[in-house]
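These notes are about the structure you will find just below.
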Amino acid sequence: MQIGDNVRVRATDRRARIIEDLGNSHYRVLFYLDPDADALDRDTPQDEDDAGGVYTAEDLEVIA
């Protein structure tokens, strides 16, 4: 996994983009609004304070 990868959070099925590699297999992600609802939202992550989080590599699945 690397910065810029699109991922799915396994526990919540939410889609996000990796925005920071924190080391030790921890990544900061920024969630998408609803990637299936609007093609523009798919490429535009949210900018709100609670729009992301930190997850381990085990919590994330890279998606195409």
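A note on labels: chains of the structure tokens are A, B, ... as shown, every chain counts residues from 1, and ligands are counted from 1 in their shown order.
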Quiz prompt | For A:Val7: contacts at 10 Å, only C-alpha atoms, fewer than 3 positions along chain excluded, given as JSON, numbers by chain | solution = {"A": [1, 4, 10, 13, 14, 15, 16, 17, 18, 29, 30, 31, 59, 60, 61, 62, 63, 64]}
Write out, as a PDB file, in the first residue's frame, the residues just selected, with N, CA, C and O atoms.
ATOM      1  N   MET A   1       0.838  -1.175   0.000  1.00  0.00           N
ATOM      2  CA  MET A   1       0.000   0.000   0.000  1.00  0.00           C
ATOM      3  C   MET A   1       0.882   1.237   0.000  1.00  0.00           C
ATOM      4  O   MET A   1       1.953   1.232   0.599  1.00  0.00           O
ATOM      5  N   GLY A   4      -1.957   7.533  -2.135  1.00  0.00           N
ATOM      6  CA  GLY A   4      -2.696   7.646  -3.389  1.00  0.00           C
ATOM      7  C   GLY A   4      -3.515   6.423  -3.736  1.00  0.00           C
ATOM      8  O   GLY A   4      -4.384   6.493  -4.604  1.00  0.00           O
ATOM      9  N   ARG A  10     -12.261  -2.532   5.675  1.00  0.00           N
ATOM     10  CA  ARG A  10     -12.957  -3.818   5.785  1.00  0.00           C
ATOM     11  C   ARG A  10     -14.127  -3.790   6.775  1.00  0.00           C
ATOM     12  O   ARG A  10     -15.190  -4.333   6.508  1.00  0.00           O
ATOM     13  N   ASP A  13     -16.807  -1.061   5.185  1.00  0.00           N
ATOM     14  CA  ASP A  13     -17.023  -1.097   3.742  1.00  0.00           C
ATOM     15  C   ASP A  13     -16.983   0.301   3.109  1.00  0.00           C
ATOM     16  O   ASP A  13     -17.467   0.501   2.014  1.00  0.00           O
ATOM     17  N   ARG A  14     -16.416   1.272   3.823  1.00  0.00           N
ATOM     18  CA  ARG A  14     -16.275   2.624   3.274  1.00  0.00           C
ATOM     19  C   ARG A  14     -15.038   2.697   2.399  1.00  0.00           C
ATOM     20  O   ARG A  14     -14.030   2.065   2.673  1.00  0.00           O
ATOM     21  N   ARG A  15     -15.129   3.495   1.350  1.00  0.00           N
ATOM     22  CA  ARG A  15     -14.011   3.667   0.436  1.00  0.00           C
ATOM     23  C   ARG A  15     -13.271   4.955   0.759  1.00  0.00           C
ATOM     24  O   ARG A  15     -13.874   5.941   1.177  1.00  0.00           O
ATOM     25  N   ALA A  16     -11.960   4.909   0.560  1.00  0.00           N
ATOM     26  CA  ALA A  16     -11.124   6.047   0.926  1.00  0.00           C
ATOM     27  C   ALA A  16      -9.859   6.053   0.069  1.00  0.00           C
ATOM     28  O   ALA A  16      -9.614   5.121  -0.689  1.00  0.00           O
ATOM     29  N   ARG A  17      -9.075   7.102   0.247  1.00  0.00           N
ATOM     30  CA  ARG A  17      -7.772   7.202  -0.407  1.00  0.00           C
ATOM     31  C   ARG A  17      -6.723   7.369   0.675  1.00  0.00           C
ATOM     32  O   ARG A  17      -6.904   8.137   1.623  1.00  0.00           O
ATOM     33  N   ILE A  18      -5.608   6.657   0.539  1.00  0.00           N
ATOM     34  CA  ILE A  18      -4.503   6.801   1.486  1.00  0.00           C
ATOM     35  C   ILE A  18      -3.837   8.150   1.238  1.00  0.00           C
ATOM     36  O   ILE A  18      -3.447   8.461   0.113  1.00  0.00           O
ATOM     37  N   VAL A  29      -6.235   7.801   6.094  1.00  0.00           N
ATOM     38  CA  VAL A  29      -7.073   7.800   4.897  1.00  0.00           C
ATOM     39  C   VAL A  29      -8.073   8.945   4.950  1.00  0.00           C
ATOM     40  O   VAL A  29      -8.403   9.459   6.019  1.00  0.00           O
ATOM     41  N   LEU A  30      -8.554   9.306   3.773  1.00  0.00           N
ATOM     42  CA  LEU A  30      -9.588  10.327   3.629  1.00  0.00           C
ATOM     43  C   LEU A  30     -10.737   9.673   2.879  1.00  0.00           C
ATOM     44  O   LEU A  30     -10.555   9.169   1.762  1.00  0.00           O
ATOM     45  N   PHE A  31     -11.917   9.620   3.512  1.00  0.00           N
ATOM     46  CA  PHE A  31     -13.071   8.932   2.932  1.00  0.00           C
ATOM     47  C   PHE A  31     -13.651   9.702   1.762  1.00  0.00           C
ATOM     48  O   PHE A  31     -13.613  10.927   1.727  1.00  0.00           O
ATOM     49  N   ASP A  59      -6.588  -3.589   8.193  1.00  0.00           N
ATOM     50  CA  ASP A  59      -7.937  -3.034   8.151  1.00  0.00           C
ATOM     51  C   ASP A  59      -8.347  -2.577   6.756  1.00  0.00           C
ATOM     52  O   ASP A  59      -9.510  -2.286   6.526  1.00  0.00           O
ATOM     53  N   LEU A  60      -7.376  -2.492   5.835  1.00  0.00           N
ATOM     54  CA  LEU A  60      -7.619  -1.921   4.527  1.00  0.00           C
ATOM     55  C   LEU A  60      -7.436  -2.936   3.412  1.00  0.00           C
ATOM     56  O   LEU A  60      -6.631  -3.850   3.526  1.00  0.00           O
ATOM     57  N   GLU A  61      -8.187  -2.733   2.330  1.00  0.00           N
ATOM     58  CA  GLU A  61      -8.068  -3.567   1.137  1.00  0.00           C
ATOM     59  C   GLU A  61      -7.936  -2.624  -0.058  1.00  0.00           C
ATOM     60  O   GLU A  61      -8.796  -1.762  -0.265  1.00  0.00           O
ATOM     61  N   VAL A  62      -6.876  -2.777  -0.829  1.00  0.00           N
ATOM     62  CA  VAL A  62      -6.678  -1.941  -2.020  1.00  0.00           C
ATOM     63  C   VAL A  62      -7.713  -2.317  -3.056  1.00  0.00           C
ATOM     64  O   VAL A  62      -7.967  -3.499  -3.304  1.00  0.00           O
ATOM     65  N   ILE A  63      -8.341  -1.286  -3.668  1.00  0.00           N
ATOM     66  CA  ILE A  63      -9.341  -1.526  -4.723  1.00  0.00           C
ATOM     67  C   ILE A  63      -8.888  -0.833  -5.999  1.00  0.00           C
ATOM     68  O   ILE A  63      -8.109   0.120  -5.965  1.00  0.00           O
ATOM     69  N   ALA A  64      -9.379  -1.325  -7.105  1.00  0.00           N
ATOM     70  CA  ALA A  64      -9.001  -0.746  -8.413  1.00  0.00           C
ATOM     71  C   ALA A  64      -9.890   0.423  -8.756  1.00  0.00           C
ATOM     72  O   ALA A  64     -10.937   0.614  -8.283  1.00  0.00           O
TER      73      ALA A  64
END
